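The next block is work_26.pdb, given as PDB, C-alpha atoms, pLDDT in the B column.
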```
ATOM      1  CA  MET A 208       0.000   0.000   0.000  1.00 58.00           C
ATOM      2  CA  LEU A 209       2.763   2.452   0.926  1.00 63.00           C
ATOM      3  CA  HIS A 210       4.584   1.672  -2.329  1.00 83.00           C
ATOM      4  CA  ASP A 211       1.412   2.631  -4.255  1.00 93.00           C
ATOM      5  CA  LEU A 212       1.292   5.993  -2.456  1.00 94.00           C
ATOM      6  CA  GLU A 213       4.952   6.645  -3.261  1.00 95.00           C
ATOM      7  CA  ASN A 214       4.270   5.894  -6.936  1.00 95.00           C
ATOM      8  CA  GLN A 215       1.323   8.300  -6.865  1.00 96.00           C
ATOM      9  CA  LEU A 216       3.504  11.020  -5.356  1.00 97.00           C
ATOM     10  CA  ILE A 217       6.146  10.498  -8.056  1.00 97.00           C
ATOM     11  CA  GLU A 218       3.422  10.632 -10.711  1.00 97.00           C
ATOM     12  CA  THR A 219       2.138  13.861  -9.147  1.00 97.00           C
ATOM     13  CA  TRP A 220       5.618  15.365  -9.569  1.00 98.00           C
ATOM     14  CA  GLU A 221       5.763  14.169 -13.194  1.00 98.00           C
ATOM     15  CA  ILE A 222       2.394  15.765 -13.995  1.00 97.00           C
ATOM     16  CA  HIS A 223       3.468  18.999 -12.336  1.00 98.00           C
ATOM     17  CA  ASN A 224       6.672  19.124 -14.383  1.00 98.00           C
ATOM     18  CA  ARG A 225       4.760  18.399 -17.606  1.00 98.00           C
ATOM     19  CA  ILE A 226       2.506  21.355 -16.790  1.00 97.00           C
ATOM     20  CA  ASN A 227       5.578  23.595 -16.421  1.00 98.00           C
ATOM     21  CA  LEU A 228       6.784  22.366 -19.822  1.00 98.00           C
ATOM     22  CA  PHE A 229       3.286  22.764 -21.317  1.00 98.00           C
ATOM     23  CA  LEU A 230       3.299  26.433 -20.303  1.00 98.00           C
ATOM     24  CA  LEU A 231       6.847  26.954 -21.566  1.00 98.00           C
ATOM     25  CA  ASP A 232       5.995  25.293 -24.883  1.00 97.00           C
ATOM     26  CA  ALA A 233       3.049  27.679 -25.369  1.00 97.00           C
ATOM     27  CA  LEU A 234       5.334  30.723 -25.312  1.00 97.00           C
ATOM     28  CA  LYS A 235       7.336  32.410 -28.011  1.00 95.00           C
ATOM     29  CA  ASP A 236      11.088  32.693 -27.369  1.00 95.00           C
ATOM     30  CA  GLU A 237      10.836  36.477 -27.559  1.00 95.00           C
ATOM     31  CA  HIS A 238       8.354  36.464 -24.648  1.00 97.00           C
ATOM     32  CA  LEU A 239      10.988  35.009 -22.326  1.00 97.00           C
ATOM     33  CA  THR A 240      12.128  38.596 -21.729  1.00 96.00           C
ATOM     34  CA  ASP A 241       8.666  39.736 -20.551  1.00 96.00           C
ATOM     35  CA  ILE A 242       8.688  41.154 -17.032  1.00 94.00           C
ATOM     36  CA  SER A 243       5.924  42.088 -14.594  1.00 91.00           C
ATOM     37  CA  ALA A 244       5.030  45.668 -13.735  1.00 89.00           C
ATOM     38  CA  SER A 245       6.612  45.146 -10.319  1.00 89.00           C
ATOM     39  CA  LYS A 246       9.940  44.205 -11.976  1.00 88.00           C
ATOM     40  CA  GLY A 247      11.959  41.241 -10.696  1.00 91.00           C
ATOM     41  CA  ARG A 248      12.818  38.269 -12.888  1.00 94.00           C
ATOM     42  CA  ASN A 249      11.676  38.061 -16.484  1.00 95.00           C
ATOM     43  CA  VAL A 250       9.807  34.987 -17.757  1.00 97.00           C
ATOM     44  CA  GLY A 251      12.943  33.108 -18.826  1.00 97.00           C
ATOM     45  CA  GLN A 252      14.625  33.896 -15.528  1.00 96.00           C
ATOM     46  CA  GLN A 253      11.580  32.574 -13.648  1.00 96.00           C
ATOM     47  CA  PHE A 254      11.859  29.219 -15.430  1.00 97.00           C
ATOM     48  CA  ALA A 255      15.627  29.232 -14.833  1.00 97.00           C
ATOM     49  CA  HIS A 256      15.047  29.972 -11.144  1.00 97.00           C
ATOM     50  CA  ILE A 257      12.753  26.938 -10.860  1.00 98.00           C
ATOM     51  CA  HIS A 258      15.528  24.779 -12.316  1.00 98.00           C
ATOM     52  CA  ASN A 259      18.261  26.395 -10.221  1.00 98.00           C
ATOM     53  CA  VAL A 260      16.375  25.849  -6.959  1.00 98.00           C
ATOM     54  CA  ARG A 261      16.144  22.169  -7.822  1.00 98.00           C
ATOM     55  CA  LEU A 262      19.930  22.174  -8.233  1.00 98.00           C
ATOM     56  CA  MET A 263      20.315  23.939  -4.891  1.00 98.00           C
ATOM     57  CA  TRP A 264      18.440  21.059  -3.236  1.00 98.00           C
ATOM     58  CA  PHE A 265      20.588  18.471  -5.034  1.00 98.00           C
ATOM     59  CA  LYS A 266      23.716  20.211  -3.752  1.00 98.00           C
ATOM     60  CA  ALA A 267      22.372  20.161  -0.186  1.00 97.00           C
ATOM     61  CA  SER A 268      20.776  16.715  -0.225  1.00 98.00           C
ATOM     62  CA  ASN A 269      22.573  14.534  -2.754  1.00 98.00           C
ATOM     63  CA  PRO A 270      25.419  16.179  -4.720  1.00 98.00           C
ATOM     64  CA  ASP A 271      25.672  13.152  -7.041  1.00 98.00           C
ATOM     65  CA  LEU A 272      22.442  14.366  -8.639  1.00 98.00           C
ATOM     66  CA  LEU A 273      24.262  17.491  -9.861  1.00 97.00           C
ATOM     67  CA  LYS A 274      26.154  15.421 -12.437  1.00 95.00           C
ATOM     68  CA  ASN A 275      25.212  16.522 -15.961  1.00 94.00           C
ATOM     69  CA  GLN A 276      23.118  19.393 -14.595  1.00 97.00           C
ATOM     70  CA  VAL A 277      23.852  22.946 -15.715  1.00 95.00           C
ATOM     71  CA  LYS A 278      22.977  25.971 -13.605  1.00 96.00           C
ATOM     72  CA  PHE A 279      21.548  28.961 -15.434  1.00 95.00           C
ATOM     73  CA  GLU A 280      23.409  32.203 -14.924  1.00 90.00           C
ATOM     74  CA  SER A 281      21.466  35.479 -14.742  1.00 76.00           C
ATOM     75  CA  ASP A 282      20.850  36.050 -18.457  1.00 81.00           C
ATOM     76  CA  SER A 283      21.497  32.623 -19.945  1.00 83.00           C
ATOM     77  CA  ALA A 284      17.840  31.495 -20.009  1.00 81.00           C
ATOM     78  CA  THR A 285      17.300  32.779 -23.519  1.00 83.00           C
ATOM     79  CA  THR A 286      15.593  29.933 -25.373  1.00 94.00           C
ATOM     80  CA  LYS A 287      12.717  27.597 -24.703  1.00 96.00           C
ATOM     81  CA  LYS A 288      14.841  24.712 -25.961  1.00 96.00           C
ATOM     82  CA  LYS A 289      17.553  25.276 -23.311  1.00 96.00           C
ATOM     83  CA  LEU A 290      14.998  25.768 -20.542  1.00 97.00           C
ATOM     84  CA  SER A 291      12.961  22.711 -21.523  1.00 98.00           C
ATOM     85  CA  ALA A 292      16.030  20.474 -21.668  1.00 97.00           C
ATOM     86  CA  ALA A 293      17.247  21.691 -18.269  1.00 97.00           C
ATOM     87  CA  LEU A 294      13.833  21.337 -16.605  1.00 98.00           C
ATOM     88  CA  THR A 295      13.415  17.845 -18.041  1.00 98.00           C
ATOM     89  CA  LYS A 296      16.827  16.748 -16.795  1.00 98.00           C
ATOM     90  CA  SER A 297      16.434  18.255 -13.323  1.00 98.00           C
ATOM     91  CA  SER A 298      12.940  16.774 -13.025  1.00 98.00           C
ATOM     92  CA  LYS A 299      14.403  13.288 -13.461  1.00 98.00           C
ATOM     93  CA  ALA A 300      16.894  14.048 -10.695  1.00 98.00           C
ATOM     94  CA  VAL A 301      14.049  15.255  -8.439  1.00 98.00           C
ATOM     95  CA  ILE A 302      12.404  11.871  -8.973  1.00 98.00           C
ATOM     96  CA  ALA A 303      15.613  10.120  -7.922  1.00 98.00           C
ATOM     97  CA  LEU A 304      15.842  12.362  -4.842  1.00 98.00           C
ATOM     98  CA  LEU A 305      12.214  11.655  -3.896  1.00 98.00           C
ATOM     99  CA  GLN A 306      12.575   7.908  -4.438  1.00 97.00           C
ATOM    100  CA  ALA A 307      15.662   7.793  -2.218  1.00 97.00           C
ATOM    101  CA  GLY A 308      13.877   9.940   0.346  1.00 97.00           C
ATOM    102  CA  PHE A 309      10.871   7.642   0.413  1.00 96.00           C
ATOM    103  CA  GLU A 310      13.201   4.692   0.992  1.00 95.00           C
ATOM    104  CA  THR A 311      15.060   6.343   3.883  1.00 96.00           C
ATOM    105  CA  GLY A 312      12.197   8.441   5.227  1.00 96.00           C
ATOM    106  CA  SER A 313      14.021  11.754   4.844  1.00 97.00           C
ATOM    107  CA  ILE A 314      15.504  14.319   2.484  1.00 98.00           C
ATOM    108  CA  LYS A 315      18.811  15.592   3.852  1.00 97.00           C
ATOM    109  CA  GLY A 316      18.457  19.225   4.889  1.00 97.00           C
ATOM    110  CA  PHE A 317      14.650  19.283   4.747  1.00 97.00           C
ATOM    111  CA  LYS A 318      12.108  18.734   7.510  1.00 97.00           C
ATOM    112  CA  PRO A 319       9.751  17.040   8.185  1.00 97.00           C
ATOM    113  CA  HIS A 320       9.638  14.298   5.493  1.00 97.00           C
ATOM    114  CA  PRO A 321       9.834  13.566   1.728  1.00 98.00           C
ATOM    115  CA  ALA A 322       6.105  14.088   1.088  1.00 97.00           C
ATOM    116  CA  ALA A 323       6.384  17.577   2.583  1.00 98.00           C
ATOM    117  CA  PHE A 324       9.436  18.195   0.381  1.00 98.00           C
ATOM    118  CA  LEU A 325       7.304  17.349  -2.644  1.00 98.00           C
ATOM    119  CA  GLY A 326       4.673  19.799  -1.382  1.00 98.00           C
ATOM    120  CA  TYR A 327       7.363  22.445  -0.966  1.00 98.00           C
ATOM    121  CA  LEU A 328       8.582  21.974  -4.556  1.00 98.00           C
ATOM    122  CA  LEU A 329       5.050  22.032  -5.971  1.00 98.00           C
ATOM    123  CA  SER A 330       4.200  25.197  -4.033  1.00 98.00           C
ATOM    124  CA  HIS A 331       7.419  26.966  -4.963  1.00 98.00           C
ATOM    125  CA  GLU A 332       7.209  26.176  -8.654  1.00 98.00           C
ATOM    126  CA  SER A 333       3.474  26.890  -8.904  1.00 98.00           C
ATOM    127  CA  HIS A 334       4.077  30.304  -7.314  1.00 97.00           C
ATOM    128  CA  HIS A 335       6.564  31.072 -10.074  1.00 97.00           C
ATOM    129  CA  ARG A 336       4.223  29.704 -12.733  1.00 97.00           C
ATOM    130  CA  GLY A 337       1.690  32.294 -11.559  1.00 96.00           C
ATOM    131  CA  GLN A 338       4.335  35.018 -11.734  1.00 96.00           C
ATOM    132  CA  ILE A 339       5.197  33.918 -15.276  1.00 97.00           C
ATOM    133  CA  ILE A 340       1.561  34.167 -16.382  1.00 97.00           C
ATOM    134  CA  LEU A 341       1.204  37.589 -14.726  1.00 96.00           C
ATOM    135  CA  SER A 342       4.404  38.842 -16.403  1.00 97.00           C
ATOM    136  CA  LEU A 343       3.106  37.707 -19.786  1.00 97.00           C
ATOM    137  CA  LYS A 344      -0.280  39.342 -19.207  1.00 96.00           C
ATOM    138  CA  GLN A 345       1.213  42.641 -18.057  1.00 96.00           C
ATOM    139  CA  SER A 346       3.509  42.630 -21.092  1.00 96.00           C
ATOM    140  CA  GLY A 347       0.554  42.233 -23.447  1.00 96.00           C
ATOM    141  CA  HIS A 348       1.217  38.565 -24.226  1.00 97.00           C
ATOM    142  CA  MET A 349      -1.699  36.842 -22.531  1.00 93.00           C
ATOM    143  CA  ILE A 350      -1.580  33.070 -22.973  1.00 94.00           C
ATOM    144  CA  ASP A 351      -4.559  31.648 -24.831  1.00 93.00           C
ATOM    145  CA  GLN A 352      -7.490  30.041 -23.052  1.00 95.00           C
ATOM    146  CA  LYS A 353      -6.462  26.519 -24.080  1.00 95.00           C
ATOM    147  CA  VAL A 354      -3.253  26.957 -22.111  1.00 95.00           C
ATOM    148  CA  GLN A 355      -4.929  28.836 -19.247  1.00 94.00           C
ATOM    149  CA  TYR A 356      -7.290  25.927 -18.702  1.00 94.00           C
ATOM    150  CA  GLY A 357      -4.716  23.318 -19.711  1.00 95.00           C
ATOM    151  CA  ILE A 358      -2.477  23.980 -16.719  1.00 95.00           C
ATOM    152  CA  TRP A 359      -5.351  22.728 -14.532  1.00 94.00           C
ATOM    153  CA  GLU A 360      -5.993  19.535 -16.517  1.00 92.00           C
ATOM    154  CA  TRP A 361      -3.951  17.219 -14.316  1.00 92.00           C
ATOM    155  CA  GLY A 362      -5.840  14.144 -15.557  1.00 90.00           C
ATOM    156  CA  SER A 363      -4.624  14.665 -19.117  1.00 88.00           C
ATOM    157  CA  ARG A 364      -1.120  16.039 -18.628  1.00 82.00           C
TER
END
```
Can you turn what I pasted into structure tokens?
Amino acid sequence: MLHDLENQLIETWEIHNRINLFLLDALKDEHLTDISASKGRNVGQQFAHIHNVRLMWFKASNPDLLKNQVKFESDSATTKKKLSAALTKSSKAVIALLQAGFETGSIKGFKPHPAAFLGYLLSHESHHRGQIILSLKQSGHMIDQKVQYGIWEWGSR
């Protein structure tokens, strides 16, 4: 029974990451430089930040997972192709980190447990997904309704 729950939690992560990629895929490369009225990171930098925070957790929890991962520097998140490849690769490493955490009952450097770590990642990345959509809207590049609704279609992502 517990193994089934762990598989469901991994699948939840996979769906979440596919939704990030679904949103990224819906954008034009030139919209990666869109920024919200309140300033801060542009759209490309938001996606890069999501990836870089994953890497931060690998460094703290399991440095072996950093192998073949590339951190984005401040203005290097310039194409959807680079962002998508990085997010895909780091997502696989998140799965490995979660699986190991479920086996041991902990994620090094995070309290209280691996399921809460998953919740933390989902919350953090969803917050930035909202900032991305707001930045696009405020820059005059509103995503179409198919994508707006599509990010909530967890049963088909």
Mind telling me what the PyMOL selection byres ((chain A and resi 300-315) around 8) catches here, as a tab-separated table (two decimals) with C-alpha atoms, in the frame of the given file?
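Full text of expr_6.tsv as output:
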```tsv
chain	number	residue	atom	x	y	z
A	213	GLU	CA	4.95	6.64	-3.26
A	217	ILE	CA	6.15	10.50	-8.06
A	220	TRP	CA	5.62	15.36	-9.57
A	261	ARG	CA	16.14	22.17	-7.82
A	265	PHE	CA	20.59	18.47	-5.03
A	267	ALA	CA	22.37	20.16	-0.19
A	268	SER	CA	20.78	16.72	-0.22
A	269	ASN	CA	22.57	14.53	-2.75
A	272	LEU	CA	22.44	14.37	-8.64
A	296	LYS	CA	16.83	16.75	-16.80
A	297	SER	CA	16.43	18.26	-13.32
A	298	SER	CA	12.94	16.77	-13.02
A	299	LYS	CA	14.40	13.29	-13.46
A	316	GLY	CA	18.46	19.23	4.89
A	317	PHE	CA	14.65	19.28	4.75
A	318	LYS	CA	12.11	18.73	7.51
A	319	PRO	CA	9.75	17.04	8.18
A	320	HIS	CA	9.64	14.30	5.49
A	321	PRO	CA	9.83	13.57	1.73
A	324	PHE	CA	9.44	18.20	0.38
A	325	LEU	CA	7.30	17.35	-2.64
```
For Arg225 of chain A, please output as a CSV table (one decimal) with C-alpha atoms, in the frame of the given file all residues within 10 Å (counting all atoms listed in the file; exclusion window: fewer than 3 positions along the same chain).
```
chain,number,residue,atom,x,y,z
A,219,THR,CA,2.1,13.9,-9.1
A,220,TRP,CA,5.6,15.4,-9.6
A,221,GLU,CA,5.8,14.2,-13.2
A,222,ILE,CA,2.4,15.8,-14.0
A,228,LEU,CA,6.8,22.4,-19.8
A,229,PHE,CA,3.3,22.8,-21.3
A,230,LEU,CA,3.3,26.4,-20.3
A,231,LEU,CA,6.8,27.0,-21.6
A,294,LEU,CA,13.8,21.3,-16.6
A,295,THR,CA,13.4,17.8,-18.0
A,298,SER,CA,12.9,16.8,-13.0
A,358,ILE,CA,-2.5,24.0,-16.7
A,361,TRP,CA,-4.0,17.2,-14.3
A,364,ARG,CA,-1.1,16.0,-18.6
```
For this session: Using the chain letters and numbering of this document, enumerate as a PyMOL selection string the residues selected by the PyMOL selection byres ((chain A and resi 262) around 8).
Result: chain A and resi 258-261+263-266+273+276+278+297
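Counting only C-alpha atoms and comparing A:His223, A:Lys353, A:Asn214, A:Asp271, the residue that lies closest to Glu332 of chain A is A:His223.
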Exercise. What's the 12 Å shell around Met349 of chain A, counting all atoms listed in the file, without same-chain residues fewer than 2 positions away, as a ChimeraX atom specification?
Worked result: /A:230,233-235,238,241,339-347,351-355
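Considering all atoms listed in the file, the residue among A:Leu216, A:Lys287, A:Ala323, A:Ala292 positioned nearest to Asn275 of chain A is A:Ala292.
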Problem set entry | Nearest residue to Asn249 of chain A from the set A:Pro270, A:Ser283, A:Tyr327, A:Ala322 (distances using all atoms listed in the file) | A:Ser283
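Rounded to one decimal, atom CA of Thr286 of chain A and atom CA of Asp236 of chain A lie 5.6 Å from each other.
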Is it possible to get the axis-aligned box enclosing segment 272-288 of chain A (all listed atoms, 4 Å extra per side) as JSON, with centre and edge lengths in Å rounded to one decimal?
```
{"center_x": 19.4, "center_y": 25.2, "center_z": -17.3, "size_x": 21.4, "size_y": 29.7, "size_z": 25.3}
```
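Between atom CA of Leu239 of chain A and atom CA of Gly362 of chain A lies a distance of 27.6 Å.
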For this session: Determine, counting all atoms listed in the file, every residue of protein, DNA or RNA that lies within 7 Å of (16.0, 35.7, -18.0) in the file coordinates, then give the result as a ChimeraX atom specification.
Result: /A:239-240,248-253,281-285
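The coordinates place atom CA of Asn227 of chain A at 7.3 Å from atom CA of Arg336 of chain A.
Nearest to Ile226 of chain A of all the residues A:Leu212, A:Leu329, A:Ala255, A:Ala244 is A:Leu329, counting only C-alpha atoms.
The smallest atom-to-atom distance between His334 of chain A and any of A:Phe279, A:His348, A:Phe254, A:Lys274, using all atoms listed in the file, is found for A:Phe254.
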Could I see segment 275-290 of chain A restored to N, CA and C atoms, set down as a compact mmCIF listing (two decimals), in the frame of the given file?
```txt
# COMPACT_ATOMS: atom_id res chain seq x y z
N ASN A 275 25.88 16.23 -14.69
CA ASN A 275 25.21 16.52 -15.96
C ASN A 275 24.11 17.58 -15.86
N GLN A 276 24.07 18.29 -14.74
CA GLN A 276 23.12 19.39 -14.60
C GLN A 276 23.88 20.70 -14.84
N VAL A 277 23.23 21.66 -15.44
CA VAL A 277 23.85 22.95 -15.72
C VAL A 277 23.01 24.05 -15.09
N LYS A 278 23.66 24.85 -14.24
CA LYS A 278 22.98 25.97 -13.60
C LYS A 278 22.87 27.12 -14.61
N PHE A 279 21.72 27.78 -14.60
CA PHE A 279 21.55 28.96 -15.43
C PHE A 279 22.15 30.16 -14.72
N GLU A 280 22.92 30.93 -15.45
CA GLU A 280 23.41 32.20 -14.92
C GLU A 280 22.36 33.26 -15.25
N SER A 281 22.53 34.46 -14.74
CA SER A 281 21.47 35.48 -14.74
C SER A 281 20.77 35.69 -16.08
N ASP A 282 21.50 35.78 -17.17
CA ASP A 282 20.85 36.05 -18.46
C ASP A 282 21.05 34.94 -19.47
N SER A 283 21.25 33.72 -19.01
CA SER A 283 21.50 32.62 -19.94
C SER A 283 20.23 31.84 -20.31
N ALA A 284 19.10 32.19 -19.73
CA ALA A 284 17.84 31.50 -20.01
C ALA A 284 17.15 32.17 -21.19
N THR A 285 17.74 32.00 -22.37
CA THR A 285 17.30 32.78 -23.52
C THR A 285 16.46 32.02 -24.54
N THR A 286 16.41 30.69 -24.42
CA THR A 286 15.59 29.93 -25.37
C THR A 286 14.75 28.89 -24.65
N LYS A 287 13.60 28.64 -25.24
CA LYS A 287 12.72 27.60 -24.70
C LYS A 287 13.40 26.24 -24.76
N LYS A 288 14.17 26.00 -25.80
CA LYS A 288 14.84 24.71 -25.96
C LYS A 288 15.80 24.45 -24.79
N LYS A 289 16.61 25.44 -24.43
CA LYS A 289 17.55 25.28 -23.31
C LYS A 289 16.81 25.08 -21.99
N LEU A 290 15.77 25.87 -21.78
CA LEU A 290 15.00 25.77 -20.54
C LEU A 290 14.30 24.42 -20.44
```
